[in-house]
$ cat protein08.cif   # mmCIF, C-alpha atoms and all ligand atoms
data_coords
#
loop_
_atom_site.label_atom_id
_atom_site.label_comp_id
_atom_site.auth_asym_id
_atom_site.auth_seq_id
_atom_site.Cartn_x
_atom_site.Cartn_y
_atom_site.Cartn_z
CA ASN I 291 98.71 107.38 78.63
CA PRO I 292 97.09 109.89 76.27
CA ASN I 293 99.70 109.20 73.61
CA TYR I 294 98.20 105.80 73.06
CA ASP I 295 94.82 107.37 72.39
CA PHE I 296 96.40 109.77 69.95
CA ILE I 297 98.08 106.99 67.97
CA THR I 298 95.21 104.56 67.92
CA ALA I 299 92.49 107.18 67.54
CA LYS I 300 94.03 108.35 64.27
CA TYR I 301 93.42 105.00 62.62
CA PRO I 302 90.07 103.28 62.04
CA GLU I 303 89.64 100.63 64.65
CA GLN I 304 89.11 97.71 62.33
CA GLN I 305 92.28 98.14 60.32
CA LEU I 306 95.61 96.80 61.59
CA ARG I 307 98.35 99.42 61.38
CA GLU I 308 101.70 98.13 60.05
CA ILE I 309 104.48 99.85 62.00
CA PRO I 310 107.94 100.16 60.44
CA ARG I 311 110.16 97.71 62.28
CA ASN I 312 113.03 100.18 62.41
CA LYS I 313 110.99 102.44 64.70
CA LEU I 314 110.78 99.69 67.26
CA LYS I 315 113.39 98.75 69.85
CA LEU I 316 112.94 95.78 72.21
CA ILE I 317 114.43 96.46 75.64
CA ARG I 318 113.62 93.68 78.09
CA LEU I 319 111.57 90.55 78.45
CA LEU I 320 108.45 91.13 80.52
CA GLY I 321 106.94 87.66 80.46
CA GLN I 322 106.54 84.42 78.59
CA GLY I 323 103.06 83.63 77.27
CA ALA I 324 101.54 80.51 75.81
CA PHE I 325 102.11 82.16 72.47
CA GLY I 326 105.50 83.70 72.64
CA GLU I 327 107.20 86.38 74.63
CA VAL I 328 106.20 89.87 75.69
CA TYR I 329 108.88 92.53 75.72
CA GLU I 330 109.00 96.10 76.91
CA GLY I 331 110.10 98.26 74.01
CA THR I 332 110.13 101.78 72.63
CA LEU I 333 108.48 103.18 69.54
CA LYS I 334 110.33 106.09 67.89
CA ASN I 335 108.71 109.38 66.81
CA MET I 336 105.29 108.03 65.99
CA CYS I 337 103.46 111.21 66.86
CA ALA I 338 104.33 114.86 67.17
CA ASN I 339 104.45 115.31 70.88
CA VAL I 340 106.68 112.43 71.98
CA SER I 341 109.97 111.24 70.60
CA GLU I 342 109.86 107.78 72.15
CA LEU I 343 106.88 105.88 73.47
CA SER I 344 107.23 102.90 75.81
CA VAL I 345 105.26 99.93 74.52
CA ALA I 346 104.74 96.21 75.06
CA VAL I 347 105.70 93.97 72.15
CA LYS I 348 104.13 90.55 71.83
CA THR I 349 106.21 88.24 69.66
CA LEU I 350 105.41 85.12 67.71
CA PRO I 351 108.32 82.66 67.57
CA ALA I 352 109.68 82.60 64.01
CA LEU I 353 109.29 78.84 63.68
CA SER I 354 105.55 78.86 64.32
CA THR I 355 103.00 76.95 62.30
CA GLN I 356 100.78 78.72 59.79
CA GLN I 357 97.90 78.15 62.19
CA ALA I 358 99.79 79.85 65.02
CA GLU I 359 100.51 82.79 62.70
CA THR I 360 96.82 83.13 61.85
CA ASP I 361 95.79 82.88 65.48
CA PHE I 362 98.40 85.48 66.43
CA MET I 363 97.05 87.92 63.84
CA MET I 364 93.52 87.25 65.04
CA GLU I 365 94.45 88.44 68.51
CA ALA I 366 95.63 91.76 67.04
CA VAL I 367 92.41 92.07 65.00
CA ILE I 368 90.28 91.45 68.10
CA ILE I 369 92.14 93.89 70.37
CA SER I 370 92.08 96.54 67.64
CA LYS I 371 88.29 96.50 67.63
CA PHE I 372 88.13 98.01 71.09
CA MET I 373 88.80 101.57 72.19
CA HIS I 374 88.26 101.82 75.93
CA LYS I 375 90.36 102.85 78.89
CA ASN I 376 89.85 99.45 80.52
CA VAL I 377 90.87 97.36 77.51
CA VAL I 378 94.53 97.12 76.45
CA LYS I 379 95.20 99.18 73.31
CA CYS I 380 96.77 97.79 70.16
CA LEU I 381 99.07 100.40 68.62
CA GLY I 382 99.94 98.38 65.55
CA VAL I 383 101.69 95.32 64.16
CA CYS I 384 104.89 94.32 62.41
CA PHE I 385 103.60 91.54 60.22
CA GLU I 386 105.56 92.04 57.03
CA GLU I 387 108.56 90.03 58.19
CA HIS I 388 109.47 87.46 60.83
CA PRO I 389 109.40 87.51 63.77
CA ARG I 390 105.96 88.99 63.79
CA TYR I 391 105.12 91.57 66.47
CA ILE I 392 101.95 92.94 67.98
CA ILE I 393 102.57 96.33 69.57
CA LEU I 394 100.41 96.97 72.62
CA GLU I 395 99.98 99.58 75.29
CA LEU I 396 102.55 99.05 78.07
CA LEU I 397 100.99 98.23 81.42
CA GLU I 398 103.75 98.33 83.98
CA GLY I 399 102.00 96.93 87.03
CA GLY I 400 101.87 93.37 85.84
CA ASP I 401 98.85 91.06 86.10
CA LEU I 402 96.06 91.55 88.62
CA LYS I 403 96.26 88.08 90.22
CA THR I 404 99.97 88.45 91.05
CA PHE I 405 99.32 91.94 92.38
CA LEU I 406 96.51 90.71 94.66
CA ARG I 407 98.67 87.88 96.02
CA ASP I 408 101.62 90.24 96.56
CA SER I 409 99.30 92.62 98.42
CA ARG I 410 98.49 90.16 101.17
CA PRO I 411 99.25 91.44 104.65
CA LYS I 412 102.72 90.32 105.69
CA THR I 413 104.31 90.74 109.08
CA ASP I 414 106.54 93.65 108.14
CA GLN I 415 104.26 95.13 105.55
CA HIS I 416 102.61 98.40 106.62
CA TYR I 417 100.62 99.31 103.55
CA PHE I 418 97.50 97.28 102.86
CA LEU I 419 95.13 97.52 99.98
CA SER I 420 91.88 99.11 101.10
CA MET I 421 88.40 97.88 100.26
CA LYS I 422 87.91 101.12 98.32
CA GLU I 423 90.91 100.30 96.11
CA LEU I 424 89.62 96.76 95.52
CA VAL I 425 86.16 98.08 94.57
CA HIS I 426 87.79 100.58 92.19
CA LEU I 427 89.76 97.80 90.50
CA SER I 428 86.55 95.75 90.23
CA LEU I 429 84.83 98.74 88.59
CA ASP I 430 87.70 99.08 86.10
CA VAL I 431 87.24 95.48 84.94
CA ALA I 432 83.44 95.80 84.96
CA ASN I 433 83.69 98.88 82.72
CA GLY I 434 85.98 97.02 80.35
CA CYS I 435 83.52 94.12 80.29
CA ARG I 436 80.62 96.51 79.60
CA HIS I 437 82.52 97.80 76.56
CA LEU I 438 82.91 94.23 75.27
CA GLU I 439 79.21 93.62 76.01
CA GLU I 440 78.24 96.76 74.04
CA LYS I 441 80.28 95.38 71.12
CA HIS I 442 78.47 92.02 71.53
CA PHE I 443 81.85 90.38 72.11
CA VAL I 444 82.11 87.41 74.45
CA HIS I 445 85.54 87.19 76.09
CA ARG I 446 85.18 83.64 77.57
CA ASP I 447 88.08 84.02 79.98
CA ILE I 448 87.48 86.95 82.31
CA ALA I 449 89.81 86.26 85.24
CA ALA I 450 92.31 88.20 87.38
CA ARG I 451 95.23 86.52 85.55
CA ASN I 452 94.09 88.10 82.27
CA CYS I 453 93.95 91.66 83.59
CA LEU I 454 96.90 94.03 83.79
CA LEU I 455 97.59 97.14 85.86
CA THR I 456 98.95 100.46 84.62
CA THR I 457 100.99 100.60 87.81
CA ARG I 458 101.04 98.87 91.19
CA GLY I 459 100.96 102.15 93.09
CA GLU I 460 98.22 104.66 93.77
CA GLY I 461 96.06 105.56 90.82
CA ARG I 462 96.45 102.09 89.34
CA ILE I 463 93.98 101.19 86.58
CA ALA I 464 93.05 97.62 85.65
CA LYS I 465 92.55 96.63 82.00
CA ILE I 466 91.41 93.50 80.23
CA ALA I 467 94.57 92.47 78.40
CA ASP I 468 94.43 88.88 77.18
CA PHE I 469 92.08 87.66 74.47
CA GLY I 470 93.60 84.24 73.99
CA MET I 471 90.43 82.25 74.68
CA SER I 472 88.15 84.34 72.47
CA ARG I 473 90.85 84.24 69.75
CA ASP I 474 91.07 80.44 69.93
CA ILE I 475 87.44 79.93 68.98
CA TYR I 476 88.33 81.37 65.56
CA SER I 477 91.18 78.91 65.31
CA ALA I 478 90.86 75.89 63.04
CA ASP I 479 92.41 73.70 65.70
CA TYR I 480 90.17 75.00 68.50
CA TYR I 481 89.12 71.50 69.49
CA ARG I 482 92.73 70.41 70.01
CA LYS I 483 93.32 73.47 72.21
CA SER I 484 90.06 73.30 74.07
CA GLY I 485 90.58 69.91 75.69
CA LYS I 486 88.91 70.00 79.09
CA THR I 487 92.24 70.64 80.79
CA MET I 488 92.68 73.87 78.83
CA LEU I 489 89.28 75.32 79.69
CA PRO I 490 89.01 77.72 82.65
CA ILE I 491 86.36 75.49 84.25
CA LYS I 492 86.47 77.29 87.63
CA TRP I 493 85.48 80.56 85.91
CA MET I 494 82.73 79.04 83.75
CA PRO I 495 78.96 78.74 84.31
CA PRO I 496 77.19 75.36 83.96
CA GLU I 497 75.69 76.10 80.51
CA ALA I 498 79.22 76.75 79.22
CA PHE I 499 81.00 73.65 80.48
CA LEU I 500 77.95 71.38 80.05
CA ASP I 501 76.55 72.61 76.73
CA GLY I 502 79.25 74.84 75.27
CA VAL I 503 76.86 77.82 75.33
CA PHE I 504 78.78 81.12 75.59
CA THR I 505 77.07 84.51 75.80
CA THR I 506 77.82 87.79 77.55
CA LYS I 507 76.20 86.13 80.59
CA THR I 508 79.17 83.73 80.57
CA ASP I 509 81.44 86.74 81.13
CA VAL I 510 79.09 87.93 83.91
CA TRP I 511 79.53 84.60 85.74
CA SER I 512 83.32 84.81 85.28
CA PHE I 513 83.29 88.39 86.55
CA GLY I 514 81.61 87.10 89.73
CA VAL I 515 84.52 84.69 90.16
CA LEU I 516 86.94 87.56 89.50
CA LEU I 517 85.22 89.49 92.32
CA TRP I 518 85.83 86.46 94.57
CA GLU I 519 89.51 86.49 93.49
CA MET I 520 89.65 90.21 94.26
CA PHE I 521 88.31 89.96 97.80
CA THR I 522 90.31 86.86 98.71
CA LEU I 523 93.40 88.69 97.39
CA GLY I 524 94.06 86.18 94.67
CA TYR I 525 93.05 82.77 95.96
CA MET I 526 92.48 79.93 93.52
CA PRO I 527 88.70 79.42 93.40
CA TYR I 528 87.25 76.19 94.88
CA PRO I 529 90.52 75.56 96.73
CA GLY I 530 91.61 71.95 96.70
CA GLN I 531 88.91 70.92 94.21
CA THR I 532 89.67 69.55 90.74
CA ASN I 533 87.93 70.80 87.57
CA SER I 534 85.69 67.72 87.50
CA ASP I 535 84.83 68.17 91.22
CA VAL I 536 83.84 71.76 90.40
CA MET I 537 81.72 70.82 87.36
CA GLN I 538 79.82 68.34 89.55
CA PHE I 539 79.57 70.75 92.48
CA VAL I 540 78.48 73.84 90.49
CA SER I 541 76.03 72.06 88.16
CA SER I 542 74.26 70.68 91.22
CA GLY I 543 73.90 74.16 92.71
CA GLY I 544 77.12 74.50 94.71
CA ARG I 545 78.79 77.93 94.80
CA LEU I 546 81.98 79.54 96.09
CA ASP I 547 81.83 80.51 99.77
CA PRO I 548 81.82 84.28 100.21
CA PRO I 549 85.29 85.59 101.13
CA GLU I 550 85.72 85.87 104.88
CA LYS I 551 84.57 89.20 106.40
CA CYS I 552 83.37 90.25 102.97
CA PRO I 553 80.48 92.76 103.28
CA ALA I 554 77.04 91.44 102.39
CA ARG I 555 76.57 94.00 99.61
CA LEU I 556 79.60 92.60 97.75
CA ASN I 557 78.67 88.96 98.35
CA LYS I 558 75.25 89.76 96.92
CA ILE I 559 76.77 90.87 93.61
CA MET I 560 78.76 87.63 93.35
CA ILE I 561 75.65 85.52 94.04
CA LEU I 562 73.70 87.46 91.38
CA CYS I 563 76.47 86.72 88.85
CA TRP I 564 76.27 83.00 89.71
CA ASN I 565 72.58 82.55 89.04
CA SER I 566 72.17 79.19 87.31
CA ILE I 567 69.73 80.84 84.89
CA ALA I 568 71.94 82.92 82.59
CA ASP I 569 69.30 85.50 81.61
CA ILE I 570 68.64 86.37 85.24
CA ARG I 571 72.30 87.30 85.83
CA PRO I 572 72.79 91.09 85.87
CA THR I 573 74.13 93.11 82.94
CA PHE I 574 77.51 94.80 83.36
CA SER I 575 75.68 98.14 83.62
CA GLU I 576 73.75 96.79 86.61
CA ILE I 577 76.96 95.37 88.12
CA ILE I 578 78.60 98.80 87.77
CA GLU I 579 75.65 100.44 89.56
CA LEU I 580 75.86 97.88 92.38
CA LEU I 581 79.63 98.40 92.74
CA ASP I 582 79.16 102.18 92.73
CA MET I 583 76.76 101.76 95.66
CA CYS I 584 79.47 99.81 97.50
CA LEU I 585 81.61 102.95 97.28
CA GLN I 586 78.88 104.86 99.16
CA ASP I 587 78.48 102.18 101.82
CA ASP I 588 80.60 102.59 104.96
CA GLU I 589 80.02 98.95 105.88
CA VAL I 590 81.97 98.13 102.73
CA LEU I 591 84.59 100.86 102.93
CA ASN I 592 85.45 100.20 106.57
CA ALA I 593 85.51 96.42 106.27
CA PRO I 594 88.94 94.90 106.87
CA VAL I 595 90.46 93.36 103.76
CA GLY I 596 89.86 89.90 105.16
CA LEU I 597 92.00 86.99 104.22
CA CYS I 598 90.25 83.65 104.10
CA HIS I 599 92.29 81.13 106.03
CA PHE I 600 91.90 78.05 103.87
CA ALA I 601 93.79 75.07 105.07
CA MET I 602 95.01 74.51 101.52
CA ALA I 603 98.65 74.69 100.55
CA GLU I 604 97.79 76.28 97.20
CA SER I 605 95.62 79.25 98.11
C1 LIG B 701 106.86 93.38 90.49
N1 LIG B 701 106.92 93.41 89.05
C2 LIG B 701 106.05 94.46 88.54
C3 LIG B 701 106.17 94.55 87.02
N2 LIG B 701 105.91 93.25 86.42
C4 LIG B 701 105.36 93.20 85.14
C5 LIG B 701 105.05 91.96 84.54
C6 LIG B 701 104.46 91.91 83.29
C7 LIG B 701 104.18 93.08 82.59
C8 LIG B 701 103.51 93.00 81.25
O1 LIG B 701 103.48 91.94 80.65
N3 LIG B 701 102.93 94.16 80.79
C9 LIG B 701 102.20 94.28 79.61
N4 LIG B 701 101.92 95.51 79.11
N5 LIG B 701 101.16 95.34 78.00
C10 LIG B 701 100.97 94.02 77.78
C11 LIG B 701 101.60 93.34 78.77
C12 LIG B 701 101.38 91.97 78.58
N6 LIG B 701 100.59 91.78 77.49
C13 LIG B 701 100.07 90.62 77.00
O2 LIG B 701 99.39 90.61 76.00
C14 LIG B 701 100.30 89.33 77.77
O3 LIG B 701 99.89 88.23 76.97
C15 LIG B 701 99.53 89.30 79.06
C16 LIG B 701 98.17 89.68 79.07
C17 LIG B 701 97.48 89.62 80.29
C18 LIG B 701 98.11 89.19 81.47
C19 LIG B 701 99.46 88.81 81.43
C20 LIG B 701 100.16 88.87 80.22
C21 LIG B 701 100.30 93.09 76.87
C22 LIG B 701 104.49 94.31 83.16
C23 LIG B 701 105.07 94.36 84.43
C24 LIG B 701 106.63 92.11 86.96
C25 LIG B 701 106.56 92.09 88.49
#
$ encode --input "protein08.cif" --output "structure tokens"
Amino acid sequence: NPNYDFITAKYPEQQLREIPRNKLKLIRLLGQGAFGEVYEGTLKNMCANVSELSVAVKTLPALSTQQAETDFMMEAVIISKFMHKNVVKCLGVCFEEHPRYIILELLEGGDLKTFLRDSRPKTDQHYFLSMKELVHLSLDVANGCRHLEEKHFVHRDIAARNCLLTTRGEGRIAKIADFGMSRDIYSADYYRKSGKTMLPIKWMPPEAFLDGVFTTKTDVWSFGVLLWEMFTLGYMPYPGQTNSDVMQFVSSGGRLDPPEKCPARLNKIMILCWNSIADIRPTFSEIIELLDMCLQDDEVLNAPVGLCHFAMAES
């Protein structure tokens, strides 16, 4: 939505823009987050060409601790640093009074994981997602990740659940939209939050869950897992295995099985992302080149969007 660019481009990226609360109207609840709630809302006459702009409003419950307030603001600071079509835009904040709001670009398609799971072939369903569409969504996220990489920012939680879609229909664009994990590392009570149960172990490389080492190559590993989520249409990785099973399995060389009927060229990218030696994993620029080649490869484009038939209840 070009209006977002207009609003956010006018203001230097590092500064948070305080938006007058009276220009904001909350319409409906979109979802509940760990932090607070996310509403769809409208922003009144912020720029010349539109009278009302639809936005997403992230709220911090009024009775939050000082730490939660600081963490909440940190998320706005982080998101405001980025200006890229595959990273959710921050239009401004309402921080002067309670409840505090972060005003974000509205992405109406919901999260990527839910979309993938809802796209699974059903008996009566006629429209299936094509491989081409899945590769395009993968490229969207890879481009967003490359922007973070260029800014030397490590996300730490690249996963389908943290990406949002502009729409579910044709022309959908995927964007990185949750920075909760990278925000938490700035939090004074990070160690309380980061208890093993809270960490996205199934998306993490060995050096991260064994030694706490996080670099852009951590995000490359996670992107490989996101590719696996993409081509299994939203399965939980390592189905049926616990986090400690996975730490044992992965640190001794085990890897996710390639999604069923998934073309070799795509599987190859996942395997490259899961190299146990972080520096050997590809850059996001290289990943983008490899995905672009998938778009030229008929073996990829004509492959059926296979659905792995795991015996597991939770898929
Ligand atoms: C079939 N229907 C289709 C429509 N659907 C929705 C469900 C949820 C949303 C939604 O939350 N959209 C958002 N737009 N911008 C932001 C959002 C969330 N943000 C956040 O910052 C949230 O924290 C966040 C971030 C990443 C992923 C999820 C939530 C920023 C939109 C449509 C429901 C099912």
$ closest_residue --input "protein08.cif" --among "I:Lys465, I:Leu427, I:Gly382, I:Met363" --to "ligand LIG 701 (chain B)" --atoms "all atoms listed in the file"
I:Lys465
$ residues_near_point --input "protein08.cif" --point "(98.2, 90.4, 86.3)" --cutoff "7 Å" --atoms "all atoms listed in the file" --output "PyMOL selection string"
chain I and resi 400-405+450-455
$ residues_near_ligand --input "protein08.cif" --ligand "ligand LIG 701 (chain B)" --cutoff "10 Å" --atoms "all atoms listed in the file" --output "JSON, numbers by chain"
{"I": [319, 320, 321, 322, 323, 324, 325, 326, 327, 328, 329, 330, 344, 345, 346, 347, 348, 349, 365, 366, 369, 378, 379, 380, 392, 393, 394, 395, 396, 397, 398, 399, 400, 401, 402, 403, 404, 405, 408, 449, 450, 451, 452, 453, 454, 455, 456, 457, 458, 465, 466, 467, 468, 469, 470]}
$ write_last_selection --input "protein08.cif" --atoms "C-alpha atoms" --output "PDB file, in the coordinates of the input"
ATOM      1  CA  LEU I 319     111.570  90.550  78.450  1.00  0.00           C
ATOM      2  CA  LEU I 320     108.450  91.130  80.520  1.00  0.00           C
ATOM      3  CA  GLY I 321     106.940  87.660  80.460  1.00  0.00           C
ATOM      4  CA  GLN I 322     106.540  84.420  78.590  1.00  0.00           C
ATOM      5  CA  GLY I 323     103.060  83.630  77.270  1.00  0.00           C
ATOM      6  CA  ALA I 324     101.540  80.510  75.810  1.00  0.00           C
ATOM      7  CA  PHE I 325     102.110  82.160  72.470  1.00  0.00           C
ATOM      8  CA  GLY I 326     105.500  83.700  72.640  1.00  0.00           C
ATOM      9  CA  GLU I 327     107.200  86.380  74.630  1.00  0.00           C
ATOM     10  CA  VAL I 328     106.200  89.870  75.690  1.00  0.00           C
ATOM     11  CA  TYR I 329     108.880  92.530  75.720  1.00  0.00           C
ATOM     12  CA  GLU I 330     109.000  96.100  76.910  1.00  0.00           C
ATOM     13  CA  SER I 344     107.230 102.900  75.810  1.00  0.00           C
ATOM     14  CA  VAL I 345     105.260  99.930  74.520  1.00  0.00           C
ATOM     15  CA  ALA I 346     104.740  96.210  75.060  1.00  0.00           C
ATOM     16  CA  VAL I 347     105.700  93.970  72.150  1.00  0.00           C
ATOM     17  CA  LYS I 348     104.130  90.550  71.830  1.00  0.00           C
ATOM     18  CA  THR I 349     106.210  88.240  69.660  1.00  0.00           C
ATOM     19  CA  GLU I 365      94.450  88.440  68.510  1.00  0.00           C
ATOM     20  CA  ALA I 366      95.630  91.760  67.040  1.00  0.00           C
ATOM     21  CA  ILE I 369      92.140  93.890  70.370  1.00  0.00           C
ATOM     22  CA  VAL I 378      94.530  97.120  76.450  1.00  0.00           C
ATOM     23  CA  LYS I 379      95.200  99.180  73.310  1.00  0.00           C
ATOM     24  CA  CYS I 380      96.770  97.790  70.160  1.00  0.00           C
ATOM     25  CA  ILE I 392     101.950  92.940  67.980  1.00  0.00           C
ATOM     26  CA  ILE I 393     102.570  96.330  69.570  1.00  0.00           C
ATOM     27  CA  LEU I 394     100.410  96.970  72.620  1.00  0.00           C
ATOM     28  CA  GLU I 395      99.980  99.580  75.290  1.00  0.00           C
ATOM     29  CA  LEU I 396     102.550  99.050  78.070  1.00  0.00           C
ATOM     30  CA  LEU I 397     100.990  98.230  81.420  1.00  0.00           C
ATOM     31  CA  GLU I 398     103.750  98.330  83.980  1.00  0.00           C
ATOM     32  CA  GLY I 399     102.000  96.930  87.030  1.00  0.00           C
ATOM     33  CA  GLY I 400     101.870  93.370  85.840  1.00  0.00           C
ATOM     34  CA  ASP I 401      98.850  91.060  86.100  1.00  0.00           C
ATOM     35  CA  LEU I 402      96.060  91.550  88.620  1.00  0.00           C
ATOM     36  CA  LYS I 403      96.260  88.080  90.220  1.00  0.00           C
ATOM     37  CA  THR I 404      99.970  88.450  91.050  1.00  0.00           C
ATOM     38  CA  PHE I 405      99.320  91.940  92.380  1.00  0.00           C
ATOM     39  CA  ASP I 408     101.620  90.240  96.560  1.00  0.00           C
ATOM     40  CA  ALA I 449      89.810  86.260  85.240  1.00  0.00           C
ATOM     41  CA  ALA I 450      92.310  88.200  87.380  1.00  0.00           C
ATOM     42  CA  ARG I 451      95.230  86.520  85.550  1.00  0.00           C
ATOM     43  CA  ASN I 452      94.090  88.100  82.270  1.00  0.00           C
ATOM     44  CA  CYS I 453      93.950  91.660  83.590  1.00  0.00           C
ATOM     45  CA  LEU I 454      96.900  94.030  83.790  1.00  0.00           C
ATOM     46  CA  LEU I 455      97.590  97.140  85.860  1.00  0.00           C
ATOM     47  CA  THR I 456      98.950 100.460  84.620  1.00  0.00           C
ATOM     48  CA  THR I 457     100.990 100.600  87.810  1.00  0.00           C
ATOM     49  CA  ARG I 458     101.040  98.870  91.190  1.00  0.00           C
ATOM     50  CA  LYS I 465      92.550  96.630  82.000  1.00  0.00           C
ATOM     51  CA  ILE I 466      91.410  93.500  80.230  1.00  0.00           C
ATOM     52  CA  ALA I 467      94.570  92.470  78.400  1.00  0.00           C
ATOM     53  CA  ASP I 468      94.430  88.880  77.180  1.00  0.00           C
ATOM     54  CA  PHE I 469      92.080  87.660  74.470  1.00  0.00           C
ATOM     55  CA  GLY I 470      93.600  84.240  73.990  1.00  0.00           C
TER      56      GLY I 470
END
$ atom_distance --input "protein08.cif" --atom1 "CA of Asn312 (chain I)" --atom2 "CA of Ser370 (chain I)"
21.9 Å
$ residues_near_point --input "protein08.cif" --point "(80.9, 88.9, 91.7)" --cutoff "6 Å" --atoms "only C-alpha atoms" --output "list in words"
Phe513, Gly514, Val515, Leu517, Ile559, Met560 and Cys563 of chain I
$ atom_distance --input "protein08.cif" --atom1 "CA of Leu306 (chain I)" --atom2 "CA of Leu438 (chain I)"
18.8 Å
$ decode --input "protein08.cif" --residues "region 311-326 of chain I" --atoms "N, CA, C and O atoms" --output "tab-separated table (two decimals), in the first residue's frame"
chain	number	residue	atom	x	y	z
I	311	ARG	N	-3.65	10.55	19.26
I	311	ARG	CA	-4.58	9.44	19.55
I	311	ARG	C	-5.96	9.69	18.93
I	311	ARG	O	-6.64	8.76	18.51
I	312	ASN	N	-6.31	10.96	18.81
I	312	ASN	CA	-7.67	11.25	18.30
I	312	ASN	C	-7.80	10.98	16.80
I	312	ASN	O	-8.88	11.02	16.26
I	313	LYS	N	-6.66	10.71	16.14
I	313	LYS	CA	-6.74	10.38	14.71
I	313	LYS	C	-6.94	8.89	14.50
I	313	LYS	O	-7.07	8.41	13.38
I	314	LEU	N	-6.92	8.16	15.62
I	314	LEU	CA	-6.93	6.70	15.53
I	314	LEU	C	-8.28	6.17	15.99
I	314	LEU	O	-8.84	6.66	16.98
I	315	LYS	N	-8.79	5.18	15.24
I	315	LYS	CA	-10.04	4.53	15.68
I	315	LYS	C	-9.83	3.03	15.60
I	315	LYS	O	-9.43	2.50	14.57
I	316	LEU	N	-10.05	2.32	16.70
I	316	LEU	CA	-9.91	0.86	16.72
I	316	LEU	C	-11.24	0.26	16.29
I	316	LEU	O	-12.29	0.66	16.80
I	317	ILE	N	-11.19	-0.69	15.35
I	317	ILE	CA	-12.43	-1.25	14.81
I	317	ILE	C	-12.73	-2.65	15.32
I	317	ILE	O	-13.79	-2.91	15.87
I	318	ARG	N	-11.74	-3.56	15.10
I	318	ARG	CA	-12.02	-4.94	15.54
I	318	ARG	C	-10.74	-5.63	15.96
I	318	ARG	O	-9.66	-5.26	15.51
I	319	LEU	N	-10.90	-6.60	16.83
I	319	LEU	CA	-9.75	-7.37	17.30
I	319	LEU	C	-9.33	-8.34	16.20
I	319	LEU	O	-10.16	-9.04	15.62
I	320	LEU	N	-8.03	-8.32	15.89
I	320	LEU	CA	-7.51	-9.22	14.87
I	320	LEU	C	-6.90	-10.46	15.51
I	320	LEU	O	-6.97	-11.56	14.99
I	321	GLY	N	-6.25	-10.28	16.63
I	321	GLY	CA	-5.59	-11.43	17.27
I	321	GLY	C	-5.03	-11.04	18.62
I	321	GLY	O	-4.85	-9.88	18.91
I	322	GLN	N	-4.78	-12.08	19.40
I	322	GLN	CA	-4.20	-11.87	20.74
I	322	GLN	C	-2.75	-12.31	20.67
I	322	GLN	O	-2.47	-13.42	20.18
I	323	GLY	N	-1.82	-11.44	21.10
I	323	GLY	CA	-0.41	-11.86	21.08
I	323	GLY	C	0.06	-12.13	22.49
I	323	GLY	O	-0.68	-11.93	23.45
I	324	ALA	N	1.30	-12.54	22.60
I	324	ALA	CA	1.89	-12.74	23.92
I	324	ALA	C	1.86	-11.41	24.65
I	324	ALA	O	1.65	-11.33	25.85
I	325	PHE	N	2.01	-10.35	23.90
I	325	PHE	CA	2.13	-9.02	24.50
I	325	PHE	C	0.80	-8.41	24.87
I	325	PHE	O	0.58	-7.92	25.95
I	326	GLY	N	-0.07	-8.39	23.94
I	326	GLY	CA	-1.34	-7.69	24.12
I	326	GLY	C	-2.19	-8.08	22.93
I	326	GLY	O	-2.09	-9.19	22.42
